[in-house]
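See below for run_18.cif, which holds mmCIF, C-alpha atoms.
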data_work
loop_
_atom_site.label_atom_id
_atom_site.label_comp_id
_atom_site.auth_asym_id
_atom_site.auth_seq_id
_atom_site.Cartn_x
_atom_site.Cartn_y
_atom_site.Cartn_z
CA GLY A 263 -10.88 6.41 -3.84
CA GLY A 264 -9.73 7.81 -0.55
CA CYS A 265 -7.37 6.31 1.96
CA GLN A 266 -7.46 2.59 2.68
CA VAL A 267 -5.68 0.99 5.65
CA TYR A 268 -4.61 -2.65 5.58
CA VAL A 269 -2.68 -4.72 8.11
CA ARG A 270 -0.39 -7.67 7.41
CA LEU A 271 0.92 -9.84 10.23
CA ARG A 272 4.50 -10.97 9.76
CA PRO A 273 5.02 -14.64 10.60
CA ILE A 274 7.17 -15.40 13.61
CA PHE A 275 10.63 -16.58 12.60
CA GLU A 276 12.01 -19.94 13.75
CA LYS A 277 14.91 -18.10 15.42
CA GLU A 278 12.38 -16.13 17.50
CA VAL A 279 10.60 -19.33 18.53
CA GLN A 280 13.94 -20.88 19.56
CA GLN A 281 14.62 -17.82 21.72
CA GLY A 282 11.34 -18.36 23.56
CA GLU A 283 9.46 -15.54 21.89
CA PHE A 284 5.81 -15.85 20.98
CA GLU A 285 3.21 -13.94 18.99
CA VAL A 286 1.39 -11.19 20.86
CA VAL A 287 -0.84 -10.25 17.95
CA SER A 288 -3.38 -12.40 16.16
CA VAL A 289 -5.51 -11.74 13.11
CA ARG A 290 -9.14 -12.64 12.46
CA GLU A 291 -9.21 -12.26 8.69
CA ASP A 292 -12.92 -13.05 8.39
CA LEU A 293 -13.76 -10.10 10.68
CA GLY A 294 -10.99 -7.71 9.58
CA GLU A 295 -9.71 -7.63 13.14
CA VAL A 296 -6.24 -7.46 14.66
CA VAL A 297 -6.11 -8.53 18.31
CA VAL A 298 -3.25 -7.45 20.59
CA HIS A 299 -2.64 -9.75 23.57
CA ASN A 300 -1.08 -7.66 26.32
CA CYS A 301 0.28 -9.40 29.43
CA LEU A 302 -0.36 -7.30 32.54
CA PHE A 303 -0.22 -7.67 36.33
CA GLN A 304 -3.15 -7.55 38.72
CA ALA A 305 -3.15 -4.71 41.26
CA ASP A 306 -1.30 -6.99 43.74
CA LEU A 307 1.65 -7.12 41.28
CA ALA A 308 1.85 -10.89 41.79
CA ARG A 309 -0.81 -12.35 39.51
CA MET A 310 -0.63 -11.90 35.75
CA TYR A 311 -3.43 -11.77 33.21
CA VAL A 312 -3.74 -11.19 29.48
CA ASN A 313 -5.76 -8.26 28.19
CA HIS A 314 -7.06 -8.68 24.60
CA VAL A 315 -7.72 -5.53 22.58
CA GLY A 316 -9.13 -5.68 19.04
CA PHE A 317 -8.76 -3.18 16.21
CA CYS A 318 -10.84 -3.39 13.01
CA PHE A 319 -9.62 -2.60 9.49
CA PRO A 320 -11.13 -2.91 5.99
CA HIS A 321 -8.94 -5.96 5.38
CA VAL A 322 -6.28 -7.79 7.39
CA PHE A 323 -3.82 -10.43 6.27
CA GLY A 324 -2.66 -13.23 8.53
CA SER A 325 0.89 -14.53 8.69
CA SER A 326 0.16 -17.14 6.01
CA ALA A 327 -1.02 -14.59 3.40
CA ALA A 328 0.89 -14.82 0.13
CA ASN A 329 2.30 -11.76 -1.62
CA PRO A 330 -0.02 -12.08 -4.67
CA GLU A 331 -3.02 -12.07 -2.32
CA VAL A 332 -1.80 -8.87 -0.65
CA TYR A 333 -1.09 -7.27 -4.03
CA LYS A 334 -4.51 -8.22 -5.42
CA GLU A 335 -6.23 -6.44 -2.53
CA CYS A 336 -3.88 -3.48 -1.94
CA GLY A 337 -1.73 -2.89 -5.01
CA ALA A 338 -3.78 -3.87 -8.05
CA PRO A 339 -6.60 -1.35 -7.41
CA LEU A 340 -3.98 1.38 -6.95
CA VAL A 341 -2.26 0.42 -10.22
CA ALA A 342 -5.62 0.52 -12.02
CA HIS A 343 -6.21 3.99 -10.54
CA VAL A 344 -2.81 5.21 -11.76
CA VAL A 345 -3.26 3.72 -15.23
CA GLY A 346 -6.44 5.81 -15.39
CA GLY A 347 -4.27 8.93 -15.09
CA GLN A 348 -4.62 9.53 -11.35
CA LEU A 349 -1.98 9.86 -8.64
CA GLY A 350 -1.38 6.83 -6.44
CA THR A 351 0.52 6.49 -3.18
CA LEU A 352 1.33 3.36 -1.24
CA PHE A 353 2.56 3.96 2.29
CA MET A 354 4.11 1.35 4.60
CA PHE A 355 4.30 1.87 8.34
CA GLY A 356 5.69 -0.35 11.06
CA GLN A 357 8.57 -0.92 13.38
CA THR A 358 11.94 -2.22 12.22
CA GLY A 359 11.73 -5.89 11.28
CA SER A 360 7.95 -5.90 10.80
CA GLY A 361 8.09 -6.84 7.10
CA LYS A 362 7.65 -3.52 5.31
CA THR A 363 10.50 -4.03 2.84
CA PHE A 364 9.50 -7.64 2.15
CA THR A 365 5.92 -6.62 1.37
CA MET A 366 6.81 -3.47 -0.59
CA SER A 367 9.38 -5.30 -2.75
CA SER A 368 6.76 -7.85 -3.76
CA ILE A 369 4.14 -5.20 -4.47
CA ILE A 370 6.60 -3.23 -6.63
CA GLU A 371 7.48 -6.36 -8.63
CA LEU A 372 3.84 -7.31 -9.20
CA ALA A 373 2.86 -3.73 -10.05
CA ALA A 374 5.67 -3.52 -12.62
CA ARG A 375 4.41 -6.74 -14.18
CA ASP A 376 0.91 -5.27 -14.47
CA LEU A 377 2.12 -1.90 -15.77
CA PHE A 378 4.60 -3.14 -18.36
CA GLY A 379 3.47 -6.70 -19.09
CA SER A 380 0.61 -5.74 -21.40
CA GLY A 381 2.94 -4.85 -24.30
CA GLU A 382 1.42 -1.38 -24.55
CA ASP A 383 3.55 1.71 -24.13
CA ALA A 384 3.41 3.07 -20.60
CA ALA A 385 5.11 6.04 -19.01
CA VAL A 386 5.55 5.89 -15.26
CA THR A 387 7.21 8.31 -12.88
CA LEU A 388 8.28 6.90 -9.55
CA ARG A 389 9.66 8.45 -6.38
CA CYS A 390 10.66 6.24 -3.45
CA PHE A 391 11.39 7.73 -0.07
CA GLU A 392 11.55 6.83 3.59
CA VAL A 393 10.15 8.88 6.43
CA ALA A 394 12.18 8.22 9.57
CA GLY A 395 11.22 10.30 12.58
CA ARG A 396 11.40 13.93 11.52
CA LYS A 397 13.57 13.23 8.45
CA CYS A 398 12.82 12.08 4.93
CA PHE A 399 15.31 10.20 2.72
CA ASP A 400 15.41 9.49 -1.02
CA LEU A 401 15.71 5.73 -1.65
CA LEU A 402 16.56 5.88 -5.37
CA PRO A 403 20.17 7.17 -5.37
CA ARG A 404 22.99 4.87 -4.26
CA HIS A 405 23.62 7.09 -1.26
CA ARG A 406 20.58 8.12 0.75
CA ALA A 407 19.97 11.84 0.39
CA GLU A 408 17.89 13.80 2.87
CA LEU A 409 14.81 15.43 1.35
CA LYS A 410 12.63 18.34 2.36
CA LEU A 411 8.89 18.18 2.86
CA LEU A 412 7.35 21.64 2.42
CA ASP A 413 3.74 22.81 2.35
CA ASP A 414 2.73 25.13 -0.48
CA GLN A 415 0.23 28.02 -0.32
CA CYS A 416 -2.67 25.63 -1.03
CA GLY A 417 -1.77 23.42 1.91
CA ARG A 418 -0.40 20.57 -0.23
CA THR A 419 2.77 18.85 0.94
CA ASN A 420 5.56 18.73 -1.65
CA LEU A 421 8.63 16.52 -1.68
CA ILE A 422 11.64 18.63 -2.62
CA GLY A 423 14.82 17.16 -4.11
CA ALA A 424 13.63 13.60 -4.77
CA GLN A 425 14.95 11.75 -7.81
CA GLU A 426 12.38 10.39 -10.22
CA ALA A 427 12.77 7.21 -12.20
#

Re-express the file's structure as structure tokens.
Amino acid sequence: GGCQVYVRLRPIFEKEVQQGEFEVVSVREDLGEVVVHNCLFQADLARMYVNHVGFCFPHVFGSSAANPEVYKECGAPLVAHVVGGQLGTLFMFGQTGSGKTFTMSSIIELAARDLFGSGEDAAVTLRCFEVAGRKCFDLLPRHRAELKLLDDQCGRTNLIGAQEA
């Protein structure tokens, strides 16, 4: 139950290495820690140093983590929750190019296998949307449609106008 936060580090692409880029984040999976390596200047503005800042999470995945491993930890428990009749939400957050679509596509495929692979009848309602800045877009129709997020009298946020599949 409740909200769980996981972090997955996208591997650096060969093209990025060829352009002289390097990783500025590392993962310590055994400790559930993400470490950001920030290059800064000393007060004299001549000498550089690297500041390391760690952030802890319930579970982190390094760049070599396979999609089934991520699904087993993040998606499978959510699917089990939903099959039990509860509501489930999976939320991806990150900058452009950080691997959200890659990860979400794999989780959707593996979740569909678990939901429909048993041979039993299952009814599933799905809404897919993107939150971009102050706007929200429906991802199911061929042409992205802007949606409205409105709070009701009980303080719950409702997604208005989204297609369901």

Selected residue of minimal separation from A:Phe323 among A:Ala385, A:Leu401, A:Val267, A:Cys390, counting all atoms listed in the file: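 Closest residue, counting all atoms listed in the file: A:Val267.
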
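Rounded to one decimal, atom CA of A:Val386 and atom CA of A:Arg404 lie 20.6 Å from each other.
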
Pick from A:Asp383, A:Asp400, A:Asp376, A:Glu331 nearest to A:Arg270, counting only C-alpha atoms: A:Glu331

A:Val345, A:Ile422, A:Val312, A:Phe364 ranked by distance to A:Ser380, top pick (using all atoms listed in the file): A:Val345

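If only C-alpha atoms are the atoms counted, then among A:Ala328, A:Val297, A:Leu352, A:Val287 the closest residue to A:Val315 is A:Val297.
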
Spatial neighbours of A:Pro273, 9 Å, all atoms listed in the file, chain gap at least 2 places, as a ChimeraX atom specification: /A:271,275,285,324-326

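The coordinates place atom CA of A:Gly337 at 24.1 Å from atom CA of A:Ile274.
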
Å distance separating atom CA of A:Thr419 from atom CA of A:Cys318, one decimal place: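 Straight-line distance from atom CA of A:Thr419 to atom CA of A:Cys318 works out to 28.7 Å.
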
Spatial neighbours of stretch 340-342 of chain A, 12 Å, only C-alpha atoms, chain gap at least 6 places, as a list in words: Gly263, Gly264, Cys265, Gln266, Tyr333, Lys334, Gln348, Leu349, Gly350, Thr351, Leu352, Phe353, Ile369, Ile370, Glu371, Leu372, Ala373, Ala374, Arg375, Asp376, Leu377, Phe378 and Val386 of chain A

Serialized selection, C-alpha atoms, as a PDB file, in the coordinates of the input:
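New file out_26.pdb:
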ATOM      1  CA  GLY A 263     -10.880   6.410  -3.840  1.00  0.00           C
ATOM      2  CA  GLY A 264      -9.730   7.810  -0.550  1.00  0.00           C
ATOM      3  CA  CYS A 265      -7.370   6.310   1.960  1.00  0.00           C
ATOM      4  CA  GLN A 266      -7.460   2.590   2.680  1.00  0.00           C
ATOM      5  CA  TYR A 333      -1.090  -7.270  -4.030  1.00  0.00           C
ATOM      6  CA  LYS A 334      -4.510  -8.220  -5.420  1.00  0.00           C
ATOM      7  CA  GLN A 348      -4.620   9.530 -11.350  1.00  0.00           C
ATOM      8  CA  LEU A 349      -1.980   9.860  -8.640  1.00  0.00           C
ATOM      9  CA  GLY A 350      -1.380   6.830  -6.440  1.00  0.00           C
ATOM     10  CA  THR A 351       0.520   6.490  -3.180  1.00  0.00           C
ATOM     11  CA  LEU A 352       1.330   3.360  -1.240  1.00  0.00           C
ATOM     12  CA  PHE A 353       2.560   3.960   2.290  1.00  0.00           C
ATOM     13  CA  ILE A 369       4.140  -5.200  -4.470  1.00  0.00           C
ATOM     14  CA  ILE A 370       6.600  -3.230  -6.630  1.00  0.00           C
ATOM     15  CA  GLU A 371       7.480  -6.360  -8.630  1.00  0.00           C
ATOM     16  CA  LEU A 372       3.840  -7.310  -9.200  1.00  0.00           C
ATOM     17  CA  ALA A 373       2.860  -3.730 -10.050  1.00  0.00           C
ATOM     18  CA  ALA A 374       5.670  -3.520 -12.620  1.00  0.00           C
ATOM     19  CA  ARG A 375       4.410  -6.740 -14.180  1.00  0.00           C
ATOM     20  CA  ASP A 376       0.910  -5.270 -14.470  1.00  0.00           C
ATOM     21  CA  LEU A 377       2.120  -1.900 -15.770  1.00  0.00           C
ATOM     22  CA  PHE A 378       4.600  -3.140 -18.360  1.00  0.00           C
ATOM     23  CA  VAL A 386       5.550   5.890 -15.260  1.00  0.00           C
TER      24      VAL A 386
END

Residues within 10 Å of A:His314, only C-alpha atoms, excluding chain neighbours under 5 positions, as a list of chain:residue names: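 The filter keeps A:Val286, A:Val287, A:Ser288, A:Val297, A:Val298, A:His299, A:Asn300, A:Cys301.
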
Neighbour list for A:Pro403 as a list in words, cut-off 12 Å, only C-alpha atoms, skip fewer than 3 positions in-chain: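 Contacts, in chain order: Arg389, Cys390, Phe391, Phe399, Asp400, Arg406, Ala407, Glu408, Leu409, Gly423, Ala424, Gln425, Glu426 and Ala427 of chain A.
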
I need the chosen residues saved as a PDB file, keeping the file's coordinate frame, with C-alpha atoms.
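Output file result_25.pdb follows:
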ATOM      1  CA  ARG A 389       9.660   8.450  -6.380  1.00  0.00           C
ATOM      2  CA  CYS A 390      10.660   6.240  -3.450  1.00  0.00           C
ATOM      3  CA  PHE A 391      11.390   7.730  -0.070  1.00  0.00           C
ATOM      4  CA  PHE A 399      15.310  10.200   2.720  1.00  0.00           C
ATOM      5  CA  ASP A 400      15.410   9.490  -1.020  1.00  0.00           C
ATOM      6  CA  ARG A 406      20.580   8.120   0.750  1.00  0.00           C
ATOM      7  CA  ALA A 407      19.970  11.840   0.390  1.00  0.00           C
ATOM      8  CA  GLU A 408      17.890  13.800   2.870  1.00  0.00           C
ATOM      9  CA  LEU A 409      14.810  15.430   1.350  1.00  0.00           C
ATOM     10  CA  GLY A 423      14.820  17.160  -4.110  1.00  0.00           C
ATOM     11  CA  ALA A 424      13.630  13.600  -4.770  1.00  0.00           C
ATOM     12  CA  GLN A 425      14.950  11.750  -7.810  1.00  0.00           C
ATOM     13  CA  GLU A 426      12.380  10.390 -10.220  1.00  0.00           C
ATOM     14  CA  ALA A 427      12.770   7.210 -12.200  1.00  0.00           C
TER      15      ALA A 427
END

Selected residue of minimal separation from A:Met354 among A:Glu392, A:Pro330, A:Ser368, A:Asp292, counting only C-alpha atoms: A:Glu392

Point (11.7, 20.7, 1.0), cut-off 6 Å, counting all atoms listed in the file, residues as a list of chain:residue names: A:Lys410, A:Leu411, A:Leu412, A:Leu421, A:Ile422
